[in-house]
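Worksheet for the structure shown next.
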Amino acid sequence: MNAKVHELLNQQINKELYSAYLYLDFSNYFKAKGLDGFANWYMIQAQEERDHAMLFYTYLQNEGQAVTLDAIAKPDKVLDSDMTVLKAGLEHEQYVTSLINDIYAAAYEVKDFRTMQFLDWFVKEQGEEETNANDMITKMELFGSDPRSLYMLNQELGARVYSAPSLVL
Ligand code: FEO
């Protein structure tokens, strides 16, 4: 495997684990506020991020490539209002999309078609993640200021259940 592609794939394990850690922080923020449904939604999001990390980890192993685990950074978003958290989520997903695109570009440059095919799932997934983050903001803008609507939105987010990723390696 090309050294740069390898390095970026390995770094992505850390980025996804950081994402899990970040969403755990979001979940904790909402739990402390008594918004259990929002807390549930981000807890499941954290689980999905850990799955993403494991997909990169397993892909490298399957390719016979070394995996090097690094320190996971402290969640660095300032969580001072519900909307700040939701917007930080969207901003983070846009950042992750840029990372996936960078790996894709590196793989494309060296004609690493297998890595490109592996990354196709993530390209689609990032589209969904950004849509979800945007939807959360829209709903909060519409309903967040009315306690009864916020209660229902919290109920809706509380119904989210975990499902394993559709990509199996
Ligand atoms: Fe693993 Fe939310 O991107």
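Residues in the structure tokens are named by chain (A, B, ... in the order shown) and by number from 1 within that chain; ligands are numbered from 1 in the order shown.
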Protein and nucleic acid residues within 12 Å of ligand 1 (only C-alpha atoms and all ligand atoms) as a PyMOL selection string: chain A and resi 12-23+42+44-56+88-100+119+121-133+165
Contacts of region 76-86 of chain A within 8 Å, only C-alpha atoms, excl. fewer than 6 positions in-chain, as a ChimeraX atom specification: /A:22,26,29-30,133,136-137,140
Keeping only all heavy atoms, take the residues you just selected and write them out as a PDB file, in the first residue's frame.
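The result, written out as selection.pdb:
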ATOM      1  N   LEU A  22     -16.277  12.542  21.187  1.00  0.00           N
ATOM      2  CA  LEU A  22     -16.969  13.833  21.081  1.00  0.00           C
ATOM      3  C   LEU A  22     -18.477  13.646  21.288  1.00  0.00           C
ATOM      4  O   LEU A  22     -19.111  14.387  22.042  1.00  0.00           O
ATOM      5  CB  LEU A  22     -16.688  14.460  19.712  1.00  0.00           C
ATOM      6  CG  LEU A  22     -17.318  15.832  19.449  1.00  0.00           C
ATOM      7  CD1 LEU A  22     -16.685  16.905  20.330  1.00  0.00           C
ATOM      8  CD2 LEU A  22     -17.157  16.220  17.974  1.00  0.00           C
ATOM      9  N   PHE A  26     -21.311  14.979  23.938  1.00  0.00           N
ATOM     10  CA  PHE A  26     -22.611  15.583  23.598  1.00  0.00           C
ATOM     11  C   PHE A  26     -23.717  14.876  24.384  1.00  0.00           C
ATOM     12  O   PHE A  26     -24.625  15.514  24.918  1.00  0.00           O
ATOM     13  CB  PHE A  26     -22.912  15.431  22.100  1.00  0.00           C
ATOM     14  CG  PHE A  26     -22.109  16.309  21.184  1.00  0.00           C
ATOM     15  CD1 PHE A  26     -20.987  17.000  21.617  1.00  0.00           C
ATOM     16  CD2 PHE A  26     -22.475  16.441  19.841  1.00  0.00           C
ATOM     17  CE1 PHE A  26     -20.243  17.801  20.745  1.00  0.00           C
ATOM     18  CE2 PHE A  26     -21.747  17.237  18.974  1.00  0.00           C
ATOM     19  CZ  PHE A  26     -20.636  17.910  19.424  1.00  0.00           C
ATOM     20  N   TYR A  29     -23.766  15.945  27.879  1.00  0.00           N
ATOM     21  CA  TYR A  29     -24.329  17.298  28.002  1.00  0.00           C
ATOM     22  C   TYR A  29     -25.857  17.227  28.104  1.00  0.00           C
ATOM     23  O   TYR A  29     -26.470  17.834  28.984  1.00  0.00           O
ATOM     24  CB  TYR A  29     -23.902  18.157  26.794  1.00  0.00           C
ATOM     25  CG  TYR A  29     -24.705  19.442  26.647  1.00  0.00           C
ATOM     26  CD1 TYR A  29     -24.310  20.625  27.277  1.00  0.00           C
ATOM     27  CD2 TYR A  29     -25.878  19.454  25.882  1.00  0.00           C
ATOM     28  CE1 TYR A  29     -25.064  21.792  27.154  1.00  0.00           C
ATOM     29  CE2 TYR A  29     -26.632  20.615  25.760  1.00  0.00           C
ATOM     30  CZ  TYR A  29     -26.224  21.778  26.398  1.00  0.00           C
ATOM     31  OH  TYR A  29     -26.979  22.921  26.273  1.00  0.00           O
ATOM     32  N   PHE A  30     -26.469  16.472  27.179  1.00  0.00           N
ATOM     33  CA  PHE A  30     -27.940  16.412  27.163  1.00  0.00           C
ATOM     34  C   PHE A  30     -28.487  15.609  28.345  1.00  0.00           C
ATOM     35  O   PHE A  30     -29.553  15.929  28.871  1.00  0.00           O
ATOM     36  CB  PHE A  30     -28.429  15.836  25.827  1.00  0.00           C
ATOM     37  CG  PHE A  30     -28.361  16.849  24.708  1.00  0.00           C
ATOM     38  CD1 PHE A  30     -27.506  16.682  23.632  1.00  0.00           C
ATOM     39  CD2 PHE A  30     -29.170  17.984  24.742  1.00  0.00           C
ATOM     40  CE1 PHE A  30     -27.442  17.625  22.614  1.00  0.00           C
ATOM     41  CE2 PHE A  30     -29.119  18.937  23.716  1.00  0.00           C
ATOM     42  CZ  PHE A  30     -28.251  18.755  22.657  1.00  0.00           C
ATOM     43  N   ALA A 133     -27.341  15.698  10.799  1.00  0.00           N
ATOM     44  CA  ALA A 133     -26.921  16.832  11.634  1.00  0.00           C
ATOM     45  C   ALA A 133     -27.688  18.094  11.251  1.00  0.00           C
ATOM     46  O   ALA A 133     -28.118  18.867  12.108  1.00  0.00           O
ATOM     47  CB  ALA A 133     -25.409  17.043  11.503  1.00  0.00           C
ATOM     48  N   MET A 136     -31.311  17.883  12.556  1.00  0.00           N
ATOM     49  CA  MET A 136     -31.384  18.167  13.998  1.00  0.00           C
ATOM     50  C   MET A 136     -31.461  19.682  14.228  1.00  0.00           C
ATOM     51  O   MET A 136     -32.243  20.160  15.045  1.00  0.00           O
ATOM     52  CB  MET A 136     -30.146  17.629  14.726  1.00  0.00           C
ATOM     53  CG  MET A 136     -29.984  16.139  14.670  1.00  0.00           C
ATOM     54  SD  MET A 136     -30.835  15.311  16.014  1.00  0.00           S
ATOM     55  CE  MET A 136     -29.633  15.457  17.313  1.00  0.00           C
ATOM     56  N   ILE A 137     -30.641  20.418  13.477  1.00  0.00           N
ATOM     57  CA  ILE A 137     -30.614  21.880  13.627  1.00  0.00           C
ATOM     58  C   ILE A 137     -31.951  22.479  13.186  1.00  0.00           C
ATOM     59  O   ILE A 137     -32.523  23.323  13.879  1.00  0.00           O
ATOM     60  CB  ILE A 137     -29.432  22.487  12.823  1.00  0.00           C
ATOM     61  CG1 ILE A 137     -28.108  22.072  13.467  1.00  0.00           C
ATOM     62  CG2 ILE A 137     -29.544  24.009  12.741  1.00  0.00           C
ATOM     63  CD1 ILE A 137     -26.883  22.355  12.617  1.00  0.00           C
ATOM     64  N   MET A 140     -34.635  21.765  15.723  1.00  0.00           N
ATOM     65  CA  MET A 140     -34.432  22.567  16.936  1.00  0.00           C
ATOM     66  C   MET A 140     -34.827  24.023  16.694  1.00  0.00           C
ATOM     67  O   MET A 140     -35.432  24.656  17.561  1.00  0.00           O
ATOM     68  CB  MET A 140     -32.967  22.463  17.379  1.00  0.00           C
ATOM     69  CG  MET A 140     -32.705  23.016  18.735  1.00  0.00           C
ATOM     70  SD  MET A 140     -33.738  22.230  20.006  1.00  0.00           S
ATOM     71  CE  MET A 140     -32.514  21.566  21.074  1.00  0.00           C
TER      72      MET A 140
END
In region 40-134 of chain A, DSSP alpha helix (DSSP H) residues written as a ChimeraX atom specification: /A:40-62,82-109,113-134
Shell around Glu63 (chain A) at 10 Å using only C-alpha atoms, local window under 6 positions removed, as a ChimeraX atom specification: /A:1,114-115
Computed interatomic separation between CA of Arg160 (chain A) and CA of Pro75 (chain A) (Å): 23.4 Å
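Close contacts of Glu109 (chain A), defined as residues with an atom at most 12 Å away when counting only C-alpha atoms, with chain neighbours fewer than 6 positions off set aside, comprise Asn2, Lys4, Val5, Asp102, Ile103, Thr115 and Met116 of chain A.
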Next, dump the selected residues to file, keeping only N, CA, C and O atoms, as a JSON list (two decimals), in the first residue's frame.
[["chain", "number", "residue", "atom", "x", "y", "z"],
["A", 2, "ASN", "N", 0.44, 2.23, -0.72],
["A", 2, "ASN", "CA", 1.14, 3.52, -0.75],
["A", 2, "ASN", "C", 1.25, 4.10, 0.67],
["A", 2, "ASN", "O", 0.29, 4.04, 1.44],
["A", 4, "LYS", "N", 1.39, 7.12, 1.90],
["A", 4, "LYS", "CA", 0.48, 8.22, 2.30],
["A", 4, "LYS", "C", -0.94, 7.69, 2.55],
["A", 4, "LYS", "O", -1.60, 8.08, 3.51],
["A", 5, "VAL", "N", -1.38, 6.81, 1.66],
["A", 5, "VAL", "CA", -2.72, 6.22, 1.82],
["A", 5, "VAL", "C", -2.78, 5.45, 3.15],
["A", 5, "VAL", "O", -3.73, 5.59, 3.92],
["A", 102, "ASP", "N", -10.05, 13.47, 1.47],
["A", 102, "ASP", "CA", -8.58, 13.52, 1.35],
["A", 102, "ASP", "C", -7.99, 12.12, 1.16],
["A", 102, "ASP", "O", -7.06, 11.94, 0.36],
["A", 103, "ILE", "N", -8.52, 11.16, 1.89],
["A", 103, "ILE", "CA", -8.00, 9.78, 1.74],
["A", 103, "ILE", "C", -8.35, 9.27, 0.34],
["A", 103, "ILE", "O", -7.53, 8.65, -0.34],
["A", 115, "THR", "N", -8.89, 0.50, -2.11],
["A", 115, "THR", "CA", -9.16, 1.48, -1.04],
["A", 115, "THR", "C", -10.29, 2.42, -1.46],
["A", 115, "THR", "O", -11.15, 2.77, -0.65],
["A", 116, "MET", "N", -10.30, 2.80, -2.73],
["A", 116, "MET", "CA", -11.39, 3.67, -3.20],
["A", 116, "MET", "C", -12.74, 2.97, -3.02],
["A", 116, "MET", "O", -13.71, 3.59, -2.56]]
Pairwise distance for CA of Ala39 (chain A) and CA of Thr58 (chain A), rounded to one decimal in Å: 28.7 Å
d(CA of Leu24 (chain A), CA of Gly37 (chain A)) in Å: 13.6 Å
